[in-house]
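Q: I'm passing along start-v9.pdb; it holds PDB, C-alpha atoms.
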ATOM      1  CA  MET A   1      28.432  13.024  -2.998
ATOM      2  CA  PHE A   2      26.340  14.996  -0.506
ATOM      3  CA  ILE A   3      22.959  16.507  -1.307
ATOM      4  CA  ASP A   4      21.147  19.068   0.794
ATOM      5  CA  PRO A   5      17.509  18.911  -0.380
ATOM      6  CA  LEU A   6      17.016  22.603   0.402
ATOM      7  CA  THR A   7      20.031  23.984  -1.464
ATOM      8  CA  PHE A   8      21.013  21.453  -4.157
ATOM      9  CA  PRO A   9      20.280  22.930  -7.623
ATOM     10  CA  GLY A  10      17.374  21.224  -9.357
ATOM     11  CA  PHE A  11      16.798  18.761  -6.540
ATOM     12  CA  LYS A  12      13.967  16.345  -7.323
ATOM     13  CA  ARG A  13      12.232  14.739  -4.352
ATOM     14  CA  SER A  14      11.354  11.731  -6.518
ATOM     15  CA  ILE A  15      14.918  10.499  -5.874
ATOM     16  CA  PHE A  16      13.667   9.109  -2.550
ATOM     17  CA  ASN A  17      11.435   6.656  -4.430
ATOM     18  CA  ALA A  18      14.481   5.183  -6.169
ATOM     19  CA  ILE A  19      16.598   5.058  -3.001
ATOM     20  CA  VAL A  20      13.997   3.488  -0.705
ATOM     21  CA  ALA A  21      13.190   0.584  -3.009
ATOM     22  CA  PRO A  22      11.712  -1.842  -3.669
ATOM     23  CA  ARG A  23       8.542  -0.874  -1.845
ATOM     24  CA  PRO A  24       5.473  -3.091  -1.532
ATOM     25  CA  ILE A  25       2.289  -1.619  -2.947
ATOM     26  CA  GLY A  26      -0.695  -1.206  -0.678
ATOM     27  CA  TRP A  27      -3.726  -1.601  -2.943
ATOM     28  CA  ILE A  28      -6.243   0.036  -0.638
ATOM     29  CA  SER A  29      -9.967  -0.557  -0.997
ATOM     30  CA  THR A  30     -12.269   1.769   0.931
ATOM     31  CA  MET A  31     -15.923   2.717   1.139
ATOM     32  CA  ALA A  32     -17.584   6.092   1.537
ATOM     33  CA  LEU A  33     -20.423   6.626   3.998
ATOM     34  CA  ASP A  34     -22.897   6.518   1.089
ATOM     35  CA  GLY A  35     -21.612   3.070   0.025
ATOM     36  CA  ARG A  36     -19.490   4.133  -2.939
ATOM     37  CA  VAL A  37     -16.304   2.064  -3.267
ATOM     38  CA  ASN A  38     -12.766   3.234  -4.072
ATOM     39  CA  LEU A  39      -9.591   1.296  -4.924
ATOM     40  CA  ALA A  40      -6.168   2.942  -5.190
ATOM     41  CA  PRO A  41      -2.485   1.861  -5.010
ATOM     42  CA  PHE A  42      -0.024   3.392  -2.543
ATOM     43  CA  SER A  43       3.712   2.659  -2.612
ATOM     44  CA  GLN A  44       4.236   4.551   0.651
ATOM     45  CA  PHE A  45       3.032   1.447   2.453
ATOM     46  CA  ASN A  46       4.470  -1.120   4.837
ATOM     47  CA  LEU A  47       4.107  -3.401   7.852
ATOM     48  CA  VAL A  48       4.687  -1.656  11.175
ATOM     49  CA  SER A  49       4.461  -4.554  13.630
ATOM     50  CA  THR A  50       3.152  -8.103  13.898
ATOM     51  CA  ALA A  51       1.971  -8.170  17.529
ATOM     52  CA  PRO A  52      -0.197  -6.184  17.379
ATOM     53  CA  PRO A  53      -0.544  -6.584  13.591
ATOM     54  CA  VAL A  54      -0.343  -3.039  12.238
ATOM     55  CA  VAL A  55       0.185  -1.628   8.736
ATOM     56  CA  MET A  56       0.547   1.936   7.510
ATOM     57  CA  PHE A  57       0.144   3.871   4.278
ATOM     58  CA  ALA A  58       0.591   7.506   3.415
ATOM     59  CA  CYS A  59      -0.122   9.950   0.628
ATOM     60  CA  ASN A  60       0.360  13.594  -0.215
ATOM     61  CA  THR A  61      -2.598  15.949  -0.437
ATOM     62  CA  PRO A  62      -3.713  16.389  -4.078
ATOM     63  CA  GLU A  63      -3.747  19.821  -5.666
ATOM     64  CA  ASP A  64      -7.414  19.710  -6.703
ATOM     65  CA  ARG A  65      -9.051  18.820  -3.371
ATOM     66  CA  GLU A  66      -8.477  18.691   0.380
ATOM     67  CA  GLN A  67      -8.027  14.902   0.563
ATOM     68  CA  LYS A  68      -7.751  11.916  -1.716
ATOM     69  CA  ASP A  69     -10.873   9.766  -1.734
ATOM     70  CA  THR A  70      -9.007   6.939   0.013
ATOM     71  CA  ILE A  71      -8.014   9.123   2.964
ATOM     72  CA  ALA A  72     -11.455  10.740   3.203
ATOM     73  CA  ASN A  73     -13.150   7.327   3.191
ATOM     74  CA  VAL A  74     -10.856   5.834   5.827
ATOM     75  CA  ILE A  75     -11.294   8.792   8.141
ATOM     76  CA  ALA A  76     -15.079   8.712   7.705
ATOM     77  CA  LEU A  77     -15.605   4.947   8.017
ATOM     78  CA  GLY A  78     -12.500   3.940   9.982
ATOM     79  CA  GLU A  79     -11.968   0.821   7.854
ATOM     80  CA  PHE A  80      -9.984  -0.309   4.808
ATOM     81  CA  VAL A  81      -8.575  -3.390   3.110
ATOM     82  CA  VAL A  82      -4.988  -3.819   1.897
ATOM     83  CA  ASN A  83      -4.900  -6.075  -1.167
ATOM     84  CA  LEU A  84      -1.598  -7.581  -2.296
ATOM     85  CA  VAL A  85      -0.802  -6.695  -5.910
ATOM     86  CA  SER A  86       0.633  -9.725  -7.688
ATOM     87  CA  TRP A  87       2.682  -9.505 -10.881
ATOM     88  CA  ASP A  88      -0.250 -10.649 -13.014
ATOM     89  CA  LEU A  89      -2.427  -7.853 -11.605
ATOM     90  CA  ARG A  90       0.010  -5.070 -12.499
ATOM     91  CA  GLU A  91      -2.008  -3.690 -15.431
ATOM     92  CA  ALA A  92      -5.211  -3.614 -13.411
ATOM     93  CA  MET A  93      -3.368  -1.894 -10.546
ATOM     94  CA  ASN A  94      -2.063   0.715 -12.971
ATOM     95  CA  LEU A  95      -5.582   1.434 -14.218
ATOM     96  CA  THR A  96      -6.738   2.113 -10.656
ATOM     97  CA  SER A  97      -4.023   4.767 -10.261
ATOM     98  CA  MET A  98      -5.694   7.023 -12.869
ATOM     99  CA  PRO A  99      -7.125  10.358 -11.658
ATOM    100  CA  LEU A 100     -10.726   9.353 -12.362
ATOM    101  CA  PRO A 101     -13.769  11.566 -11.622
ATOM    102  CA  HIS A 102     -14.917  11.628  -8.002
ATOM    103  CA  GLY A 103     -17.183   8.700  -7.212
ATOM    104  CA  THR A 104     -15.895   6.416  -9.969
ATOM    105  CA  ASP A 105     -15.707   2.749  -8.983
ATOM    106  CA  GLU A 106     -12.129   1.680  -9.778
ATOM    107  CA  PHE A 107     -13.111  -1.985  -9.474
ATOM    108  CA  GLU A 108     -15.409  -1.543 -12.452
ATOM    109  CA  HIS A 109     -12.937   0.656 -14.315
ATOM    110  CA  ALA A 110     -10.218  -2.027 -14.070
ATOM    111  CA  ALA A 111     -12.663  -4.958 -14.547
ATOM    112  CA  LEU A 112     -11.849  -6.360 -11.103
ATOM    113  CA  GLU A 113     -14.191  -8.639  -9.209
ATOM    114  CA  LYS A 114     -15.158  -7.592  -5.695
ATOM    115  CA  ALA A 115     -15.242 -10.079  -2.823
ATOM    116  CA  PRO A 116     -16.950  -9.449   0.530
ATOM    117  CA  SER A 117     -14.903  -8.799   3.636
ATOM    118  CA  THR A 118     -15.701 -10.387   7.001
ATOM    119  CA  HIS A 119     -15.042  -7.789   9.715
ATOM    120  CA  VAL A 120     -15.014  -4.537   7.699
ATOM    121  CA  ARG A 121     -17.391  -3.024   5.159
ATOM    122  CA  PRO A 122     -15.104  -2.225   2.185
ATOM    123  CA  PRO A 123     -14.831  -5.098  -0.316
ATOM    124  CA  ARG A 124     -11.565  -6.744  -1.264
ATOM    125  CA  VAL A 125      -9.990  -7.627  -4.607
ATOM    126  CA  ALA A 126     -11.089 -11.209  -5.283
ATOM    127  CA  ALA A 127      -8.004 -12.004  -7.405
ATOM    128  CA  SER A 128      -5.492 -10.786  -4.827
ATOM    129  CA  PRO A 129      -3.266 -13.489  -3.237
ATOM    130  CA  ALA A 130      -3.696 -11.819   0.156
ATOM    131  CA  SER A 131      -6.056  -9.213   1.565
ATOM    132  CA  LEU A 132      -5.752  -7.648   5.021
ATOM    133  CA  GLU A 133      -8.891  -6.256   6.617
ATOM    134  CA  CYS A 134      -7.955  -3.239   8.741
ATOM    135  CA  ARG A 135      -9.454  -0.794  11.202
ATOM    136  CA  MET A 136      -7.826   2.616  11.543
ATOM    137  CA  ILE A 137      -6.142   3.152  14.884
ATOM    138  CA  GLN A 138      -4.297   6.412  14.246
ATOM    139  CA  ARG A 139      -4.014   9.252  11.757
ATOM    140  CA  VAL A 140      -0.948  11.471  11.567
ATOM    141  CA  ASP A 141      -0.932  14.683   9.519
ATOM    142  CA  ILE A 142       2.469  15.965   8.405
ATOM    143  CA  ALA A 143       2.599  19.657   7.584
ATOM    144  CA  PRO A 144       4.960  21.068   4.932
ATOM    145  CA  ASP A 145       7.846  23.194   6.194
ATOM    146  CA  TYR A 146       9.497  24.387   2.980
ATOM    147  CA  PRO A 147       8.496  25.546  -0.527
ATOM    148  CA  GLY A 148       7.543  22.731  -2.890
ATOM    149  CA  GLU A 149       6.362  20.431  -0.116
ATOM    150  CA  THR A 150       2.763  19.306   0.318
ATOM    151  CA  PRO A 151       0.796  18.118   3.348
ATOM    152  CA  SER A 152       0.809  14.357   3.900
ATOM    153  CA  THR A 153      -1.436  12.031   5.860
ATOM    154  CA  VAL A 154      -0.310   8.742   7.384
ATOM    155  CA  ILE A 155      -2.895   6.120   8.304
ATOM    156  CA  PHE A 156      -2.139   3.297  10.740
ATOM    157  CA  GLY A 157      -4.466   0.314  10.712
ATOM    158  CA  ARG A 158      -4.789  -2.783  12.862
ATOM    159  CA  VAL A 159      -5.243  -5.982  10.862
ATOM    160  CA  VAL A 160      -8.434  -7.692  12.034
ATOM    161  CA  GLY A 161      -8.690 -10.381   9.350
ATOM    162  CA  LEU A 162      -6.706 -12.057   6.571
ATOM    163  CA  HIS A 163      -7.865 -13.620   3.324
ATOM    164  CA  LEU A 164      -5.156 -15.799   1.744
ATOM    165  CA  ARG A 165      -5.210 -17.675  -1.548
ATOM    166  CA  GLU A 166      -4.887 -21.342  -0.640
ATOM    167  CA  ASP A 167      -2.133 -22.131  -3.157
ATOM    168  CA  CYS A 168       0.040 -19.472  -1.478
ATOM    169  CA  VAL A 169      -0.094 -21.135   1.966
ATOM    170  CA  ASP A 170       2.151 -24.151   2.576
ATOM    171  CA  ALA A 171       1.477 -27.190   4.777
ATOM    172  CA  ASP A 172       2.956 -25.397   7.822
ATOM    173  CA  GLY A 173       0.688 -22.383   7.406
ATOM    174  CA  ARG A 174       3.418 -20.099   6.058
ATOM    175  CA  PHE A 175       2.668 -17.660   3.259
ATOM    176  CA  ASP A 176       4.678 -18.383   0.096
ATOM    177  CA  THR A 177       5.884 -14.966  -1.062
ATOM    178  CA  VAL A 178       7.617 -16.374  -4.141
ATOM    179  CA  LYS A 179       4.433 -18.065  -5.339
ATOM    180  CA  ALA A 180       2.399 -14.907  -4.695
ATOM    181  CA  GLN A 181       4.800 -12.850  -6.868
ATOM    182  CA  PRO A 182       4.152  -9.459  -5.187
ATOM    183  CA  LEU A 183       4.604  -6.388  -7.349
ATOM    184  CA  THR A 184       6.936  -3.744  -5.908
ATOM    185  CA  ARG A 185       7.588  -0.115  -6.852
ATOM    186  CA  LEU A 186      11.023   1.288  -7.688
ATOM    187  CA  GLY A 187      11.904   4.764  -8.941
ATOM    188  CA  GLY A 188      10.126   6.526 -11.789
ATOM    189  CA  PHE A 189       7.810   4.181 -13.671
ATOM    190  CA  GLN A 190       9.776   1.056 -12.738
ATOM    191  CA  TYR A 191       8.262  -1.992 -11.052
ATOM    192  CA  ALA A 192       9.679  -5.375 -10.061
ATOM    193  CA  THR A 193       8.775  -8.606  -8.338
ATOM    194  CA  VAL A 194      10.662 -11.185  -6.271
ATOM    195  CA  GLY A 195      14.241 -11.693  -7.495
ATOM    196  CA  GLU A 196      16.988 -13.945  -6.164
ATOM    197  CA  ILE A 197      16.048 -15.615  -2.881
ATOM    198  CA  VAL A 198      18.555 -16.534  -0.171
ATOM    199  CA  GLU A 199      17.950 -17.934   3.311
ATOM    200  CA  MET A 200      20.235 -16.495   5.973
ATOM    201  CA  ARG A 201      19.591 -17.269   9.609
ATOM    202  CA  ALA A 202      20.506 -14.755  12.286
ATOM    203  CA  PRO A 203      23.846 -15.479  14.005
ATOM    204  CA  PHE A 204      23.872 -16.520  17.653
ATOM    205  CA  VAL A 205      26.445 -17.000  20.407
ATOM    206  CA  ARG A 206      26.707 -20.418  22.036
ATOM    207  CA  ALA A 207      26.496 -20.570  25.824
ATOM    208  CA  GLY A 208      29.958 -20.569  27.352
ATOM    209  CA  GLY A 209      31.566 -19.031  24.254
TER     210      GLY A 209
END
Using structure tokens, write down the structure that the file contains.

A:
Amino acid sequence: MFIDPLTFPGFKRSIFNAIVAPRPIGWISTMALDGRVNLAPFSQFNLVSTAPPVVMFACNTPEDREQKDTIANVIALGEFVVNLVSWDLREAMNLTSMPLPHGTDEFEHAALEKAPSTHVRPPRVAASPASLECRMIQRVDIAPDYPGETPSTVIFGRVVGLHLREDCVDADGRFDTVKAQPLTRLGGFQYATVGEIVEMRAPFVRAGG
């Protein structure tokens, strides 16, 4: 089956969310210049590199304003925090995805405790198993080319600090993903967490064949 997104009858772009899955959720906390705090989940999120440590997240431009509060805050302040959403925080995460009035504190709306960051000004989610303090290093705006598309903004951030829940770090300093139970996004309204785990080392060729 071949689909041309421009000519296929009734094509729905949401199919990409089901194909590129599961996706980790970047629960982004930001702060406006006046000190107001925002917290919002983004499933267009991922790790870009580890050395330097860089993450990215992206979102489409909303219909009712020029930029989402998260994007506007990051561009203005140049800082944000990525909070890992664990399975037990899924309902709170969902509450922060609501289109609330401008200036609403999603931490308060979802009854989430704030915790101070060390190198950046936005607070982090105290209950999160891992929080990554980030400084923006690049912004990329993607313009729409065809009908039905909307402008998108991609933010790249360098990780300048990590907060890890102690029970999720083993004796060797490795982060225990299974214990953290990260929530991931699938297609539609579907979510999942860690499933079957296998360990498979990369193959190598012995010297001399």

Q: Residue by residue, what does the PyMOL selection byres ((chain A and resi 21-26) around 12) grab here? Present the result as a PyMOL selection string.

A: chain A and resi 14-20+27-29+39-47+55-59+70+80-87+89-90+93-94+97+125+128+130-132+155+177+181-188+190-195

Q: Rounded to one decimal, what separation in Å do you get between CA of Arg165 (chain A) and CA of Leu100 (chain A)?

A: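 If I compute the distance from CA of Arg165 (chain A) to CA of Leu100 (chain A), I get 29.6 Å.
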
Q: Smallest atom-to-atom distance to Lys12 (chain A): which of A:Ala115, A:Gly148, A:Ala127, A:Ile197, using all atoms listed in the file?

A: A:Gly148

Q: Which is closer to Arg158 (chain A) than all the others in A:His119, A:Arg174, A:Arg206, A:Lys114, using only C-alpha atoms?

A: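 Residue with the minimum atom-to-atom distance to Arg158 (chain A): A:His119.
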
Q: May I ask which of the residues A:Ala76, A:Met200, A:Ala180, A:Cys134 is the closest one to Thr118 (chain A), counting all atoms listed in the file?

A: A:Cys134

Q: Pick from A:His109, A:Lys179, A:Arg135, A:Arg124: nearest to Val74 (chain A), with all atoms listed in the file counted?

A: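 Under the stated criterion, the closest residue is A:Arg135.
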
Q: Rank nothing, just name the residue among A:Leu77, A:Met31, A:Leu162, A:Leu6 nearest to Pro147 (chain A), using all atoms listed in the file.

A: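 Among A:Leu77, A:Met31, A:Leu162, A:Leu6, it is A:Leu6 that comes nearest to Pro147 (chain A).
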
Q: Taking only C-alpha atoms into account, which of A:Ile137, A:Ala143, A:Val54, A:Ala111 comes nearest Gly161 (chain A)?

A: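 Among the listed residues, the smallest separation from Gly161 (chain A) belongs to A:Val54.
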
Q: One decimal, Å: what's the distance from CA of Ser117 (chain A) over to CA of Gly103 (chain A), could you say?

A: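 That distance, rounded to one decimal, is 20.7 Å.
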
Q: Just say which residues the PyMOL selection byres ((chain A and resi 102) around 10) picks in this file, as a PyMOL selection string.

A: chain A and resi 38+68-69+99-101+103-105

Q: What is the CA of Ile75 (chain A)-CA of Pro122 (chain A) distance in Å, reported with one decimal?

A: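 Calculated distance between CA of Ile75 (chain A) and CA of Pro122 (chain A) is 13.1 Å.
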
Q: Output: region 151-166 of chain A of the preceding structure, restricted to C-alpha atoms, written as an mmCIF file, in the first residue's frame.

A:
data_model
loop_
_atom_site.group_PDB
_atom_site.id
_atom_site.type_symbol
_atom_site.label_atom_id
_atom_site.label_comp_id
_atom_site.auth_asym_id
_atom_site.auth_seq_id
_atom_site.Cartn_x
_atom_site.Cartn_y
_atom_site.Cartn_z
ATOM 1 C CA PRO A 151 3.785 26.377 10.952
ATOM 2 C CA SER A 152 5.930 24.437 13.418
ATOM 3 C CA THR A 153 8.736 25.444 15.743
ATOM 4 C CA VAL A 154 11.535 23.133 16.854
ATOM 5 C CA ILE A 155 13.540 23.978 19.963
ATOM 6 C CA PHE A 156 16.959 22.453 20.645
ATOM 7 C CA GLY A 157 18.269 22.649 24.189
ATOM 8 C CA ARG A 158 21.561 21.755 25.824
ATOM 9 C CA VAL A 159 21.172 19.835 29.081
ATOM 10 C CA VAL A 160 23.011 21.728 31.821
ATOM 11 C CA GLY A 161 21.781 19.756 34.837
ATOM 12 C CA LEU A 162 19.996 16.540 35.804
ATOM 13 C CA HIS A 163 17.776 15.759 38.769
ATOM 14 C CA LEU A 164 17.279 12.000 39.228
ATOM 15 C CA ARG A 165 15.144 10.158 41.759
ATOM 16 C CA GLU A 166 17.564 8.116 43.845
#
